[in-house]
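Trainee: Got start-v7.csv for you, CSV, C-alpha atoms:
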chain,number,residue,atom,x,y,z
A,1,MET,CA,185.0,117.4,82.3
A,2,ILE,CA,186.9,116.3,85.4
A,3,VAL,CA,184.7,115.8,88.5
A,4,TYR,CA,185.3,114.7,92.0
A,5,LYS,CA,184.4,111.1,92.8
A,6,ILE,CA,184.4,111.9,96.5
A,7,ASP,CA,183.3,114.7,98.8
A,8,VAL,CA,186.7,116.2,99.4
A,9,ILE,CA,185.6,118.2,102.4
A,10,GLN,CA,184.1,115.2,104.1
A,11,GLU,CA,187.1,113.1,103.5
A,12,LEU,CA,189.4,115.8,104.9
A,13,LYS,CA,187.2,116.1,108.0
A,14,LYS,CA,187.5,112.4,108.6
A,15,ILE,CA,191.3,112.9,109.0
A,16,GLY,CA,190.9,116.0,111.1
A,17,ILE,CA,191.5,118.7,108.5
A,18,THR,CA,189.2,121.7,108.5
A,19,SER,CA,189.4,124.9,106.6
A,20,THR,CA,190.8,126.6,109.7
A,21,ASN,CA,193.6,124.2,110.4
A,22,ALA,CA,194.4,123.7,106.7
A,23,LYS,CA,194.9,127.5,106.4
A,24,GLU,CA,196.9,127.7,109.6
A,25,SER,CA,199.1,124.8,108.7
A,26,LYS,CA,199.4,126.0,105.1
A,27,VAL,CA,198.4,122.5,103.8
A,28,PHE,CA,195.9,124.2,101.6
A,29,GLY,CA,195.2,127.8,100.9
A,30,GLN,CA,191.8,129.4,101.5
A,31,SER,CA,191.1,129.6,97.7
A,32,THR,CA,191.9,125.8,97.3
A,33,PHE,CA,189.7,124.9,100.2
A,34,LYS,CA,186.9,127.1,98.7
A,35,LYS,CA,187.3,125.1,95.4
A,36,PHE,CA,186.9,121.9,97.3
A,37,LYS,CA,183.7,123.2,98.9
A,38,GLU,CA,182.4,124.3,95.5
A,39,LYS,CA,183.4,121.0,93.9
A,40,ASP,CA,185.7,123.0,91.5
A,41,THR,CA,188.3,120.5,90.2
A,42,ASN,CA,190.4,123.3,88.7
A,43,ILE,CA,193.2,122.7,91.3
A,44,SER,CA,196.9,122.3,90.8
A,45,ILE,CA,198.7,119.0,90.4
A,46,GLU,CA,200.5,119.9,93.6
A,47,ASN,CA,197.2,120.1,95.5
A,48,LEU,CA,196.0,116.9,93.9
A,49,ASN,CA,199.3,115.3,95.1
A,50,LYS,CA,198.6,116.6,98.6
A,51,LEU,CA,195.1,115.2,98.6
A,52,CYS,CA,196.5,111.8,97.5
A,53,CYS,CA,199.1,111.8,100.3
A,54,LEU,CA,196.7,113.0,103.0
A,55,LEU,CA,193.8,110.8,102.1
A,56,GLU,CA,196.0,107.8,101.1
A,57,MET,CA,194.3,107.6,97.7
A,58,GLN,CA,195.3,107.5,94.1
A,59,PRO,CA,194.1,110.3,91.7
A,60,ARG,CA,191.6,107.9,90.2
A,61,ASP,CA,190.0,107.5,93.6
A,62,ILE,CA,189.5,111.3,93.8
A,63,ILE,CA,188.7,112.5,90.3
A,64,LYS,CA,187.2,111.1,87.1
A,65,TYR,CA,186.4,112.2,83.6
A,66,LYS,CA,182.8,112.6,82.8
A,67,GLU,CA,182.1,113.5,79.2
A,68,THR,CA,179.8,116.4,78.5
A,69,ASP,CA,178.1,117.7,75.4
A,70,GLU,CA,180.7,120.6,75.5
A,71,ASP,CA,183.5,118.1,75.5
A,72,THR,CA,182.1,116.2,72.6
A,73,GLU,CA,181.5,119.4,70.6
A,74,MET,CA,185.0,120.6,71.3
A,75,PHE,CA,186.5,117.3,70.2
A,76,GLU,CA,184.4,117.1,67.0
A,77,LYS,CA,185.0,120.8,66.2
A,78,ASN,CA,188.8,120.9,66.9
A,79,VAL,CA,190.4,117.6,67.0
A,80,LEU,CA,188.5,115.8,64.2
A,81,LYS,CA,188.8,118.9,62.0
A,82,ARG,CA,192.6,119.0,62.4
A,83,LEU,CA,192.9,115.3,61.8
A,84,ASP,CA,190.8,115.6,58.6
A,85,ASN,CA,193.0,118.5,57.4
A,86,HIS,CA,196.1,116.5,58.2
A,87,ASP,CA,194.9,113.6,56.2
A,88,LYS,CA,194.3,115.8,53.1
A,89,ARG,CA,198.0,116.7,52.9
Hey, can you dump this file as structure tokens for me?
Mentor:
Amino acid sequence: MIVYKIDVIQELKKIGITSTNAKESKVFGQSTFKKFKEKDTNISIENLNKLCCLLEMQPRDIIKYKETDEDTEMFEKNVLKRLDNHDKR
């Protein structure tokens, strides 16, 4: 699961970007700003690129991968099964 390493809203506020002026300037749409507030990392690469530019950060400064039980289960169920089937050929 991809999670934020930072509080995006707080970091944007530090540089003067609020939901109101982000919407007015069309830097981020209302739905994207809502995702930031809800800590939803399901954003486009374009929006991640904007965050990197505005905050002067690299993607690794903003997001990280945190393994969950669901991730492990998916990996074991799908990837390992396919690899095993491939090896039997």
Trainee: Applying 12 Å and only C-alpha atoms, which residues near Ser31 in chain A remain after dropping the ones on its own chain fewer than 4 positions away? List them as a list in words.
Mentor: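 Those residues are Ser19, Ala22, Lys23, Lys26, Val27, Lys35, Phe36, Lys37, Glu38, Asp40, Asn42, Ile43, Ser44 and Asn47 of chain A.
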Trainee: Rounded to one decimal in Å, what is the spacing between CA of Tyr4 in chain A and CA of Thr41 in chain A?
Mentor: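 These two atoms are separated by 6.8 Å.
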Trainee: Report, in Å to a single decimal, how far apart CA of Lys66 in chain A and CA of Glu46 in chain A are.
Mentor: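 CA of Lys66 in chain A lies 22.0 Å from CA of Glu46 in chain A.
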Trainee: Just to confirm, what's the straight-line distance from CA of Lys5 in chain A to CA of Lys34 in chain A in Å (one decimal)?
Mentor: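 Spanning CA of Lys5 in chain A to CA of Lys34 in chain A is a straight-line distance of 17.2 Å.
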Trainee: Residues within 12 Å of Leu48 in chain A, please, as a PyMOL selection string. Count all atoms listed in the file; anything in the same chain fewer than 2 positions from it doesn't count.
Mentor: chain A and resi 4+8+27-28+32-33+36+41-46+50-63
